[in-house]
$ cat work-v1.cif   # mmCIF, C-alpha atoms (C1' of nucleotides)
data_final
loop_
_atom_site.group_PDB
_atom_site.id
_atom_site.type_symbol
_atom_site.label_atom_id
_atom_site.label_comp_id
_atom_site.auth_asym_id
_atom_site.auth_seq_id
_atom_site.Cartn_x
_atom_site.Cartn_y
_atom_site.Cartn_z
ATOM 1 C CA MET A 1 -44.538 -20.033 -97.735
ATOM 2 C CA LEU A 2 -46.460 -17.640 -99.840
ATOM 3 C CA ALA A 3 -43.627 -15.423 -101.044
ATOM 4 C CA GLN A 4 -45.651 -15.180 -104.219
ATOM 5 C CA SER A 5 -45.898 -11.439 -103.874
ATOM 6 C CA GLY A 6 -44.495 -11.148 -107.316
ATOM 7 C CA HIS A 7 -41.321 -13.062 -106.555
ATOM 8 C CA ARG A 8 -39.689 -16.213 -107.850
ATOM 9 C CA SER A 9 -38.439 -19.065 -105.768
ATOM 10 C CA GLY A 10 -34.703 -19.666 -106.209
ATOM 11 C CA GLN A 11 -32.707 -22.088 -104.126
ATOM 12 C CA ALA A 12 -30.934 -19.498 -101.987
ATOM 13 C CA ARG A 13 -34.254 -17.949 -101.029
ATOM 14 C CA ARG A 14 -35.764 -21.334 -100.252
ATOM 15 C CA ALA A 15 -32.833 -22.448 -98.128
ATOM 16 C CA LEU A 16 -32.842 -19.222 -96.165
ATOM 17 C CA LEU A 17 -36.580 -19.368 -95.522
ATOM 18 C CA GLU A 18 -36.370 -22.945 -94.334
ATOM 19 C CA LEU A 19 -33.581 -22.058 -91.962
ATOM 20 C CA LEU A 20 -35.392 -19.045 -90.551
ATOM 21 C CA ASP A 21 -38.535 -21.058 -90.083
ATOM 22 C CA SER A 22 -36.728 -23.665 -88.029
ATOM 23 C CA GLN A 23 -35.226 -21.085 -85.696
ATOM 24 C CA THR A 24 -36.901 -19.811 -82.568
ATOM 25 C CA CYS A 25 -34.924 -16.603 -81.997
ATOM 26 C CA ALA A 26 -33.045 -13.947 -83.909
ATOM 27 C CA LEU A 27 -30.078 -14.829 -86.104
ATOM 28 C CA SER A 28 -27.388 -12.534 -87.446
ATOM 29 C CA ALA A 29 -26.431 -12.512 -91.115
ATOM 30 C CA VAL A 30 -23.097 -14.117 -90.307
ATOM 31 C CA GLU A 31 -24.757 -16.869 -88.300
ATOM 32 C CA ILE A 32 -27.160 -17.467 -91.150
ATOM 33 C CA GLU A 33 -24.325 -17.783 -93.637
ATOM 34 C CA HIS A 34 -22.548 -20.219 -91.342
ATOM 35 C CA GLU A 35 -25.639 -22.309 -90.696
ATOM 36 C CA LEU A 36 -26.419 -22.555 -94.381
ATOM 37 C CA ARG A 37 -22.884 -23.630 -95.167
ATOM 38 C CA GLU A 38 -23.094 -26.299 -92.469
ATOM 39 C CA GLY A 39 -26.338 -27.571 -93.934
ATOM 40 C CA ASN A 40 -24.740 -27.974 -97.355
ATOM 41 C CA ARG A 41 -26.764 -25.083 -98.790
ATOM 42 C CA PRO A 42 -24.064 -22.433 -99.132
ATOM 43 C CA VAL A 43 -25.458 -19.016 -100.044
ATOM 44 C CA GLY A 44 -23.404 -15.976 -100.905
ATOM 45 C CA ARG A 45 -23.159 -13.192 -98.365
ATOM 46 C CA ALA A 46 -24.655 -10.708 -100.792
ATOM 47 C CA SER A 47 -27.672 -12.889 -101.472
ATOM 48 C CA ILE A 48 -28.301 -13.310 -97.774
ATOM 49 C CA TYR A 49 -28.427 -9.576 -97.210
ATOM 50 C CA ARG A 50 -30.494 -9.012 -100.332
ATOM 51 C CA ILE A 51 -33.018 -11.683 -99.416
ATOM 52 C CA LEU A 52 -33.281 -10.523 -95.818
ATOM 53 C CA ASP A 53 -33.823 -6.990 -97.033
ATOM 54 C CA GLU A 54 -36.581 -8.148 -99.331
ATOM 55 C CA LEU A 55 -38.233 -10.239 -96.632
ATOM 56 C CA GLU A 56 -38.127 -7.280 -94.309
ATOM 57 C CA ARG A 57 -39.909 -5.105 -96.856
ATOM 58 C CA LEU A 58 -42.585 -7.812 -97.137
ATOM 59 C CA HIS A 59 -42.807 -7.836 -93.321
ATOM 60 C CA LEU A 60 -41.950 -11.538 -93.246
ATOM 61 C CA VAL A 61 -38.909 -10.975 -91.075
ATOM 62 C CA GLN A 62 -38.030 -8.221 -88.634
ATOM 63 C CA LYS A 63 -34.601 -6.715 -88.255
ATOM 64 C CA VAL A 64 -33.777 -6.263 -84.594
ATOM 65 C CA GLN A 65 -30.834 -4.288 -83.281
ATOM 66 C CA VAL A 66 -30.292 -6.191 -80.068
ATOM 67 C CA GLY A 67 -26.857 -5.934 -78.529
ATOM 68 C CA GLN A 68 -24.457 -3.342 -79.853
ATOM 69 C CA ASP A 69 -22.811 -4.990 -82.792
ATOM 70 C CA MET A 70 -24.481 -6.609 -85.771
ATOM 71 C CA ALA A 71 -28.121 -6.692 -86.814
ATOM 72 C CA ARG A 72 -30.237 -9.794 -86.238
ATOM 73 C CA TYR A 73 -33.223 -11.047 -88.136
ATOM 74 C CA GLU A 74 -36.174 -13.165 -87.113
ATOM 75 C CA PRO A 75 -39.415 -14.256 -88.761
ATOM 76 C CA THR A 76 -42.519 -12.291 -87.784
ATOM 77 C CA ARG A 77 -44.821 -15.073 -86.735
ATOM 78 C CA ALA A 78 -48.508 -14.402 -86.238
ATOM 79 C CA GLY A 79 -48.418 -13.500 -82.556
ATOM 80 C CA ASP A 80 -47.624 -16.673 -80.719
ATOM 81 C CA GLY A 81 -44.037 -16.083 -81.696
ATOM 82 C CA HIS A 82 -43.946 -12.454 -80.645
ATOM 83 C CA HIS A 83 -41.294 -11.855 -78.040
ATOM 84 C CA HIS A 84 -38.547 -9.493 -76.936
ATOM 85 C CA HIS A 85 -34.948 -9.837 -75.910
ATOM 86 C CA LEU A 86 -32.823 -9.745 -72.825
ATOM 87 C CA VAL A 87 -29.167 -9.303 -73.607
ATOM 88 C CA CYS A 88 -26.503 -10.106 -71.046
ATOM 89 C CA ASP A 89 -24.030 -7.241 -70.928
ATOM 90 C CA ASN A 90 -21.468 -9.637 -69.538
ATOM 91 C CA CYS A 91 -21.422 -12.599 -71.910
ATOM 92 C CA GLY A 92 -23.573 -11.327 -74.776
ATOM 93 C CA THR A 93 -26.120 -14.128 -74.550
ATOM 94 C CA ILE A 94 -29.537 -13.265 -75.912
ATOM 95 C CA THR A 95 -32.634 -14.646 -74.199
ATOM 96 C CA PRO A 96 -36.162 -14.219 -75.536
ATOM 97 C CA PHE A 97 -39.070 -13.432 -73.216
ATOM 98 C CA THR A 98 -42.702 -12.403 -73.389
ATOM 99 C CA ASP A 99 -44.846 -10.260 -71.125
ATOM 100 C CA ALA A 100 -48.522 -9.517 -71.506
ATOM 101 C CA GLY A 101 -48.428 -6.460 -69.260
ATOM 102 C CA LEU A 102 -45.784 -4.925 -71.445
ATOM 103 C CA GLU A 103 -47.781 -5.566 -74.587
ATOM 104 C CA ASP A 104 -50.868 -3.999 -73.042
ATOM 105 C CA ALA A 105 -48.898 -0.928 -72.030
ATOM 106 C CA ILE A 106 -47.545 -0.556 -75.537
ATOM 107 C CA LEU A 107 -50.953 -0.996 -77.094
ATOM 108 C CA GLU A 108 -52.391 1.706 -74.902
ATOM 109 C CA LEU A 109 -49.442 3.965 -75.528
ATOM 110 C CA SER A 110 -49.828 3.512 -79.274
ATOM 111 C CA ARG A 111 -53.334 4.876 -79.032
ATOM 112 C CA ARG A 112 -52.144 7.905 -77.108
ATOM 113 C CA LEU A 113 -49.378 8.830 -79.540
ATOM 114 C CA PRO A 114 -50.224 10.958 -82.571
ATOM 115 C CA VAL A 115 -48.484 8.504 -84.895
ATOM 116 C CA ARG A 116 -49.134 5.140 -86.443
ATOM 117 C CA VAL A 117 -47.031 2.601 -84.534
ATOM 118 C CA ALA A 118 -46.302 -0.440 -86.659
ATOM 119 C CA GLU A 119 -43.735 -2.412 -84.721
ATOM 120 C CA HIS A 120 -42.048 -2.248 -81.371
ATOM 121 C CA GLU A 121 -38.835 -3.613 -80.047
ATOM 122 C CA ILE A 122 -37.841 -3.957 -76.428
ATOM 123 C CA VAL A 123 -34.366 -4.796 -75.242
ATOM 124 C CA LEU A 124 -33.506 -5.351 -71.604
ATOM 125 C CA HIS A 125 -29.891 -5.174 -70.521
ATOM 126 C CA GLY A 126 -28.528 -6.909 -67.480
ATOM 127 C CA ASP A 127 -26.801 -10.035 -66.262
ATOM 128 C CA CYS A 128 -28.055 -13.401 -67.398
ATOM 129 C CA GLN A 129 -28.664 -16.219 -64.959
ATOM 130 C CA SER A 130 -25.273 -17.863 -65.311
ATOM 131 C CA CYS A 131 -23.361 -14.601 -65.108
ATOM 132 C CA ALA A 132 -25.332 -13.366 -62.099
ATOM 133 C CA ALA A 133 -24.669 -16.647 -60.322
ATOM 134 C CA GLY A 134 -20.958 -16.801 -61.024
ATOM 135 C CA MET B 1 -19.403 16.850 -63.773
ATOM 136 C CA LEU B 2 -17.834 14.386 -61.426
ATOM 137 C CA ALA B 3 -15.871 12.309 -63.895
ATOM 138 C CA GLN B 4 -13.323 12.099 -61.107
ATOM 139 C CA SER B 5 -13.597 8.335 -61.020
ATOM 140 C CA GLY B 6 -9.894 8.152 -61.481
ATOM 141 C CA HIS B 7 -9.839 10.095 -64.712
ATOM 142 C CA ARG B 8 -8.240 13.282 -65.910
ATOM 143 C CA SER B 9 -9.977 16.154 -67.581
ATOM 144 C CA GLY B 10 -8.570 16.880 -71.066
ATOM 145 C CA GLN B 11 -10.125 19.323 -73.483
ATOM 146 C CA ALA B 12 -11.678 16.746 -75.765
ATOM 147 C CA ARG B 13 -13.437 15.114 -72.856
ATOM 148 C CA ARG B 14 -14.641 18.431 -71.524
ATOM 149 C CA ALA B 15 -15.948 19.598 -74.885
ATOM 150 C CA LEU B 16 -17.788 16.333 -75.456
ATOM 151 C CA LEU B 17 -19.374 16.357 -72.009
ATOM 152 C CA GLU B 18 -20.543 19.922 -72.449
ATOM 153 C CA LEU B 19 -22.085 19.094 -75.782
ATOM 154 C CA LEU B 20 -23.859 16.003 -74.477
ATOM 155 C CA ASP B 21 -25.187 17.918 -71.513
ATOM 156 C CA SER B 22 -26.753 20.528 -73.747
ATOM 157 C CA GLN B 23 -28.553 17.947 -75.867
ATOM 158 C CA THR B 24 -31.960 16.547 -75.078
ATOM 159 C CA CYS B 25 -31.930 13.410 -77.223
ATOM 160 C CA ALA B 26 -29.517 10.846 -78.595
ATOM 161 C CA LEU B 27 -26.647 11.852 -80.870
ATOM 162 C CA SER B 28 -24.598 9.670 -83.162
ATOM 163 C CA ALA B 29 -20.802 9.743 -83.125
ATOM 164 C CA VAL B 30 -20.758 11.414 -86.523
ATOM 165 C CA GLU B 31 -23.185 14.091 -85.383
ATOM 166 C CA ILE B 32 -21.079 14.670 -82.305
ATOM 167 C CA GLU B 33 -17.943 15.102 -84.386
ATOM 168 C CA HIS B 34 -19.748 17.554 -86.642
ATOM 169 C CA GLU B 35 -21.226 19.551 -83.772
ATOM 170 C CA LEU B 36 -17.876 19.832 -82.051
ATOM 171 C CA ARG B 37 -16.204 21.015 -85.228
ATOM 172 C CA GLU B 38 -18.915 23.647 -85.670
ATOM 173 C CA GLY B 39 -18.375 24.845 -82.120
ATOM 174 C CA ASN B 40 -14.679 25.314 -82.759
ATOM 175 C CA ARG B 41 -13.759 22.407 -80.505
ATOM 176 C CA PRO B 42 -12.688 19.818 -83.086
ATOM 177 C CA VAL B 43 -12.101 16.378 -81.575
ATOM 178 C CA GLY B 44 -10.676 13.383 -83.403
ATOM 179 C CA ARG B 45 -13.022 10.578 -84.357
ATOM 180 C CA ALA B 46 -11.022 8.097 -82.332
ATOM 181 C CA SER B 47 -11.180 10.205 -79.199
ATOM 182 C CA ILE B 48 -14.921 10.567 -79.539
ATOM 183 C CA TYR B 49 -15.419 6.831 -79.644
ATOM 184 C CA ARG B 50 -12.938 6.253 -76.849
ATOM 185 C CA ILE B 51 -14.530 8.845 -74.598
ATOM 186 C CA LEU B 52 -18.051 7.632 -75.308
ATOM 187 C CA ASP B 53 -16.943 4.101 -74.545
ATOM 188 C CA GLU B 54 -15.473 5.228 -71.262
ATOM 189 C CA LEU B 55 -18.543 7.233 -70.313
ATOM 190 C CA GLU B 56 -20.696 4.243 -71.084
ATOM 191 C CA ARG B 57 -18.672 2.063 -68.748
ATOM 192 C CA LEU B 58 -19.142 4.697 -66.046
ATOM 193 C CA HIS B 59 -22.881 4.667 -66.812
ATOM 194 C CA LEU B 60 -22.816 8.372 -67.584
ATOM 195 C CA VAL B 61 -24.099 7.853 -71.108
ATOM 196 C CA GLN B 62 -26.154 5.085 -72.656
ATOM 197 C CA LYS B 63 -25.577 3.661 -76.097
ATOM 198 C CA VAL B 64 -28.875 3.153 -77.880
ATOM 199 C CA GLN B 65 -29.297 1.219 -81.096
ATOM 200 C CA VAL B 66 -32.278 3.082 -82.427
ATOM 201 C CA GLY B 67 -32.804 2.885 -86.156
ATOM 202 C CA GLN B 68 -30.844 0.390 -88.168
ATOM 203 C CA ASP B 69 -27.604 2.117 -88.953
ATOM 204 C CA MET B 70 -25.248 3.772 -86.505
ATOM 205 C CA ALA B 71 -25.240 3.801 -82.735
ATOM 206 C CA ARG B 72 -26.433 6.810 -80.785
ATOM 207 C CA TYR B 73 -25.440 8.031 -77.366
ATOM 208 C CA GLU B 74 -27.244 10.045 -74.761
ATOM 209 C CA PRO B 75 -26.557 11.090 -71.178
ATOM 210 C CA THR B 76 -28.263 9.016 -68.481
ATOM 211 C CA ARG B 77 -29.932 11.715 -66.461
ATOM 212 C CA ALA B 78 -31.353 10.951 -63.045
ATOM 213 C CA GLY B 79 -34.846 9.964 -64.122
ATOM 214 C CA ASP B 80 -36.472 13.114 -65.341
ATOM 215 C CA GLY B 81 -34.591 12.635 -68.551
ATOM 216 C CA HIS B 82 -35.485 8.995 -68.981
ATOM 217 C CA HIS B 83 -37.280 8.399 -72.252
ATOM 218 C CA HIS B 84 -37.548 6.096 -75.243
ATOM 219 C CA HIS B 85 -37.589 6.502 -78.988
ATOM 220 C CA LEU B 86 -40.002 6.383 -81.864
ATOM 221 C CA VAL B 87 -38.252 6.035 -85.181
ATOM 222 C CA CYS B 88 -40.022 6.849 -88.418
ATOM 223 C CA ASP B 89 -39.412 4.032 -90.882
ATOM 224 C CA ASN B 90 -40.105 6.462 -93.685
ATOM 225 C CA CYS B 91 -37.869 9.470 -93.059
ATOM 226 C CA GLY B 92 -35.669 8.213 -90.225
ATOM 227 C CA THR B 93 -36.638 10.938 -87.789
ATOM 228 C CA ILE B 94 -36.233 10.039 -84.144
ATOM 229 C CA THR B 95 -38.736 11.335 -81.590
ATOM 230 C CA PRO B 96 -38.390 10.856 -77.835
ATOM 231 C CA PHE B 97 -41.368 9.952 -75.673
ATOM 232 C CA THR B 98 -42.136 8.846 -72.119
ATOM 233 C CA ASP B 99 -44.829 6.614 -70.711
ATOM 234 C CA ALA B 100 -45.420 5.800 -67.071
ATOM 235 C CA GLY B 101 -47.488 2.702 -67.809
ATOM 236 C CA LEU B 102 -44.645 1.269 -69.806
ATOM 237 C CA GLU B 103 -42.155 1.925 -67.044
ATOM 238 C CA ASP B 104 -44.433 0.255 -64.512
ATOM 239 C CA ALA B 105 -44.824 -2.779 -66.735
ATOM 240 C CA ILE B 106 -41.074 -3.070 -67.102
ATOM 241 C CA LEU B 107 -40.504 -2.674 -63.390
ATOM 242 C CA GLU B 108 -42.948 -5.443 -62.642
ATOM 243 C CA LEU B 109 -41.498 -7.634 -65.357
ATOM 244 C CA SER B 110 -38.006 -7.131 -63.979
ATOM 245 C CA ARG B 111 -39.138 -8.569 -60.684
ATOM 246 C CA ARG B 112 -40.603 -11.606 -62.400
ATOM 247 C CA LEU B 113 -37.507 -12.436 -64.440
ATOM 248 C CA PRO B 114 -34.765 -14.531 -62.846
ATOM 249 C CA VAL B 115 -32.135 -11.988 -63.844
ATOM 250 C CA ARG B 116 -30.882 -8.621 -62.746
ATOM 251 C CA VAL B 117 -32.208 -6.074 -65.247
ATOM 252 C CA ALA B 118 -30.028 -2.972 -65.328
ATOM 253 C CA GLU B 119 -31.255 -0.991 -68.301
ATOM 254 C CA HIS B 120 -34.023 -1.160 -70.824
ATOM 255 C CA GLU B 121 -34.484 0.259 -74.252
ATOM 256 C CA ILE B 122 -37.717 0.547 -76.158
ATOM 257 C CA VAL B 123 -37.954 1.460 -79.810
ATOM 258 C CA LEU B 124 -41.235 1.953 -81.598
ATOM 259 C CA HIS B 125 -41.303 1.845 -85.380
ATOM 260 C CA GLY B 126 -43.922 3.553 -87.480
ATOM 261 C CA ASP B 127 -44.689 6.689 -89.414
ATOM 262 C CA CYS B 128 -43.999 10.048 -87.850
ATOM 263 C CA GLN B 129 -46.585 12.812 -87.856
ATOM 264 C CA SER B 130 -45.381 14.530 -91.011
ATOM 265 C CA CYS B 131 -44.996 11.292 -92.956
ATOM 266 C CA ALA B 132 -48.385 9.965 -91.879
ATOM 267 C CA ALA B 133 -49.998 13.225 -92.947
ATOM 268 C CA GLY B 134 -48.318 13.468 -96.329
ATOM 269 C "C1'" DC C 1 -36.178 -17.339 -124.146
ATOM 270 C "C1'" DT C 2 -35.618 -13.708 -120.625
ATOM 271 C "C1'" DA C 3 -36.467 -11.226 -116.436
ATOM 272 C "C1'" DG C 4 -35.322 -11.978 -112.109
ATOM 273 C "C1'" DG C 5 -31.999 -14.460 -108.853
ATOM 274 C "C1'" DT C 6 -27.302 -15.596 -107.432
ATOM 275 C "C1'" DG C 7 -22.212 -15.466 -106.411
ATOM 276 C "C1'" DC C 8 -17.931 -13.230 -106.334
ATOM 277 C "C1'" DA C 9 -15.069 -9.563 -105.269
ATOM 278 C "C1'" DA C 10 -14.479 -4.887 -104.716
ATOM 279 C "C1'" DA C 11 -16.295 -0.671 -102.569
ATOM 280 C "C1'" DC C 12 -18.342 1.637 -98.431
ATOM 281 C "C1'" DT C 13 -19.119 3.078 -93.746
ATOM 282 C "C1'" DG C 14 -19.096 3.059 -88.960
ATOM 283 C "C1'" DT C 15 -15.936 1.679 -85.443
ATOM 284 C "C1'" DT C 16 -11.406 0.224 -83.394
ATOM 285 C "C1'" DT C 17 -6.448 0.117 -82.797
ATOM 286 C "C1'" DG C 18 -1.220 1.343 -83.068
ATOM 287 C "C1'" DC C 19 1.643 4.715 -82.220
ATOM 288 C "C1'" DA C 20 3.869 9.170 -81.539
ATOM 289 C "C1'" DA C 21 3.025 13.658 -79.739
ATOM 290 C "C1'" DC C 22 0.706 16.169 -76.102
ATOM 291 C "C1'" DC C 23 -0.913 18.151 -71.809
ATOM 292 C "C1'" DC C 24 -3.068 17.833 -67.237
ATOM 293 C "C1'" DT C 25 -1.486 17.191 -62.551
ATOM 294 C "C1'" DA D 1 8.545 14.529 -65.156
ATOM 295 C "C1'" DG D 2 5.232 10.992 -66.297
ATOM 296 C "C1'" DG D 3 1.317 8.633 -67.361
ATOM 297 C "C1'" DG D 4 -3.144 9.236 -68.932
ATOM 298 C "C1'" DT D 5 -5.104 11.640 -73.197
ATOM 299 C "C1'" DT D 6 -5.405 12.941 -77.952
ATOM 300 C "C1'" DG D 7 -5.024 12.860 -83.124
ATOM 301 C "C1'" DC D 8 -3.836 10.774 -87.254
ATOM 302 C "C1'" DA D 9 -3.949 7.103 -90.291
ATOM 303 C "C1'" DA D 10 -4.274 2.464 -91.063
ATOM 304 C "C1'" DA D 11 -6.806 -1.726 -89.899
ATOM 305 C "C1'" DC D 12 -11.379 -4.022 -89.220
ATOM 306 C "C1'" DA D 13 -16.090 -5.907 -89.630
ATOM 307 C "C1'" DG D 14 -20.485 -5.781 -91.225
ATOM 308 C "C1'" DT D 15 -23.034 -4.401 -95.080
ATOM 309 C "C1'" DT D 16 -23.816 -2.889 -99.925
ATOM 310 C "C1'" DT D 17 -23.013 -2.641 -104.867
ATOM 311 C "C1'" DG D 18 -21.390 -3.774 -109.775
ATOM 312 C "C1'" DC D 19 -21.359 -7.070 -112.859
ATOM 313 C "C1'" DA D 20 -21.334 -11.500 -115.263
ATOM 314 C "C1'" DC D 21 -23.576 -15.937 -115.039
ATOM 315 C "C1'" DC D 22 -27.374 -18.827 -114.195
ATOM 316 C "C1'" DT D 23 -31.998 -20.571 -113.533
ATOM 317 C "C1'" DA D 24 -36.960 -20.699 -112.859
ATOM 318 C "C1'" DG D 25 -41.191 -19.953 -115.325
#

$ encode --input "work-v1.cif" --output "structure tokens"
Amino acid sequence: MLAQSGHRSGQARRALLELLDSQTCALSAVEIEHELREGNRPVGRASIYRILDELERLHLVQKVQVGQDMARYEPTRAGDGHHHHLVCDNCGTITPFTDAGLEDAILELSRRLPVRVAEHEIVLHGDCQSCAAG
Amino acid sequence: MLAQSGHRSGQARRALLELLDSQTCALSAVEIEHELREGNRPVGRASIYRILDELERLHLVQKVQVGQDMARYEPTRAGDGHHHHLVCDNCGTITPFTDAGLEDAILELSRRLPVRVAEHEIVLHGDCQSCAAG
DNA sequence: CTAGGTGCAAACTGTTTGCAACCCT
DNA sequence: AGGGTTGCAAACAGTTTGCACCTAG
């Protein structure tokens, strides 16, 4: 965890990084606060937002606006972890997925556009498996 | 404007629909309120949100979470109006774009996934033309 | 020792809700 | 006339900020 980009360690920061690293999909700030409290590493709300903001600037986490309510954050892993989200409009469940064809299309599109595309975020809306079945 | 899905007309609703129809890209609730006030058709904040919520349920407008702050709304036109958004991380400008390859990829992906995909939303992050140039 | 990190509580902002007045039909 | 519709203001939730304390280096 090379957050040595001119930053100190600090317990809150460490706890948050460990939590994020153990997660596979996006977490909201509230969920993070709750998880940390459960794990006996309580961290103030303010610190959570401040740290996440910092990590985002360092491109270590990405803020994703899946769903319609609160923001979610997830670590930007090297590529094997790259995925997108399917949100169930019925129950709100968020499911990650990957698709090579989609990535190719975006790559090609990026070349066509007269801008520098740094990140992309894809959100599919629909009914998740359990809701579609019911 | 066939909002006759069991709903009445009302001036606020009419004014909002007319405004949305004249726009080409997504508007935020605050922008909508401002625009309506400018056009001498002031509509209460609450009504704006209520109407937008209703229109979304009727699939006449789509709520898009572009950027990181407030929600934006735009009419769901038959297909010619379908587009996605590129948001400049530097100045916040939002630019619409379309890409057939992307749509194809999503269509194919939808078939592969074990869920019913109703809508999709793609947001590219990067630097817009003016920011990249500066 | 001291600059940066942290927690608390108050301030902010976008969104929602309660309620009384209003106006299409 | 009557129920959906609207506006106002207060309530909410997530996020941000001010400030005093603390801790890593």

$ resolve_selection --input "work-v1.cif" --expression "the PyMOL selection byres ((chain A) within 10 of (chain B))" --output "PyMOL selection string"
chain A and resi 63-71+86-89+97-110+112-133

$ residues_around --input "work-v1.cif" --residues "A:Ala15" --least-positions-apart "4" --cutoff "10 Å" --atoms "all atoms listed in the file" --output "list of chain:residue names"
A:Gly10, A:Gln11, A:Leu19, A:Leu20, A:Asp21, A:Leu36, A:Gly39, A:Asn40, A:Arg41, A:Pro42, A:Val43

$ residues_around --input "work-v1.cif" --residues "stretch 44-49 of chain A" --least-positions-apart "3" --cutoff "8 Å" --atoms "all atoms listed in the file" --output "PDB file with C-alpha atoms (C1' of nucleotides), in the frame of the given file"
ATOM      1  CA  ALA A  12     -30.934 -19.498-101.987  1.00  0.00           C
ATOM      2  CA  LEU A  16     -32.842 -19.222 -96.165  1.00  0.00           C
ATOM      3  CA  ALA A  29     -26.431 -12.512 -91.115  1.00  0.00           C
ATOM      4  CA  ILE A  32     -27.160 -17.467 -91.150  1.00  0.00           C
ATOM      5  CA  GLU A  33     -24.325 -17.783 -93.637  1.00  0.00           C
ATOM      6  CA  LEU A  52     -33.281 -10.523 -95.818  1.00  0.00           C
ATOM      7  CA  ASP A  53     -33.823  -6.990 -97.033  1.00  0.00           C
TER       8      ASP A  53
ATOM      9  C1'  DT C   6     -27.302 -15.596-107.432  1.00  0.00           C
ATOM     10  C1'  DG C   7     -22.212 -15.466-106.411  1.00  0.00           C
TER      11       DG C   7
ATOM     12  C1'  DT D  15     -23.034  -4.401 -95.080  1.00  0.00           C
ATOM     13  C1'  DT D  16     -23.816  -2.889 -99.925  1.00  0.00           C
TER      14       DT D  16
END

$ residues_around --input "work-v1.cif" --residues "C:DT16" --least-positions-apart "2" --cutoff "10 Å" --atoms "only C-alpha atoms (C1' of nucleotides)" --output "ChimeraX atom specification"
/B:46,49-50 /C:14 /D:11-13

$ closest_atom_pairs --input "work-v1.cif" --of "chain D" --to "chain A" --cutoff "12 Å" --atoms "only C-alpha atoms (C1' of nucleotides)" --output "tab-separated table"
residue	atom	partner	partner_atom	distance
D:DA13	C1'	A:Met70	CA	9.3
D:DG14	C1'	A:Met70	CA	6.8
D:DT15	C1'	A:Tyr49	CA	7.8
D:DT16	C1'	A:Ala46	CA	7.9
D:DT17	C1'	A:Ala46	CA	9.2
D:DG18	C1'	A:Ala46	CA	11.8
D:DC22	C1'	A:Gly10	CA	10.9
D:DT23	C1'	A:Gly10	CA	7.9
D:DA24	C1'	A:Gly10	CA	7.1
D:DG25	C1'	A:Arg8	CA	8.5

$ atom_distance --input "work-v1.cif" --atom1 "atom CA of B:Arg13" --atom2 "atom CA of B:Glu74"
14.8 Å

$ atom_distance --input "work-v1.cif" --atom1 "atom CA of A:Thr76" --atom2 "atom CA of B:Asn90"
19.8 Å

$ residues_around --input "work-v1.cif" --residues "D:DG2" --least-positions-apart "2" --cutoff "12 Å" --atoms "only C-alpha atoms (C1' of nucleotides)" --output "count of residues only"
5

$ atom_distance --input "work-v1.cif" --atom1 "atom CA of B:Arg72" --atom2 "atom C1' of D:DA9"
24.4 Å

$ closest_residue --input "work-v1.cif" --among "A:Gly134, A:His84, A:Ile51, A:Gln23" --to "chain C" --atoms "all atoms listed in the file"
A:Ile51

$ resolve_selection --input "work-v1.cif" --expression "the PyMOL selection byres ((chain C and resi 19) around 12)" --output "number ranges by chain"
C: 17-18, 20-21; D: 6-10

$ axis_aligned_box --input "work-v1.cif" --around "stretch 8-13 of chain C" --padding-each-side "3 Å" --output "lines of an AutoDock Vina configuration file"
center_x = -16.8
center_y = -5.1
center_z = -100.0
size_x = 10.6
size_y = 22.3
size_z = 18.6

$ residues_around --input "work-v1.cif" --residues "B:Leu60" --least-positions-apart "4" --cutoff "8 Å" --atoms "all atoms listed in the file" --output "JSON, numbers by chain"
{"B": [55, 56, 75, 76, 77]}
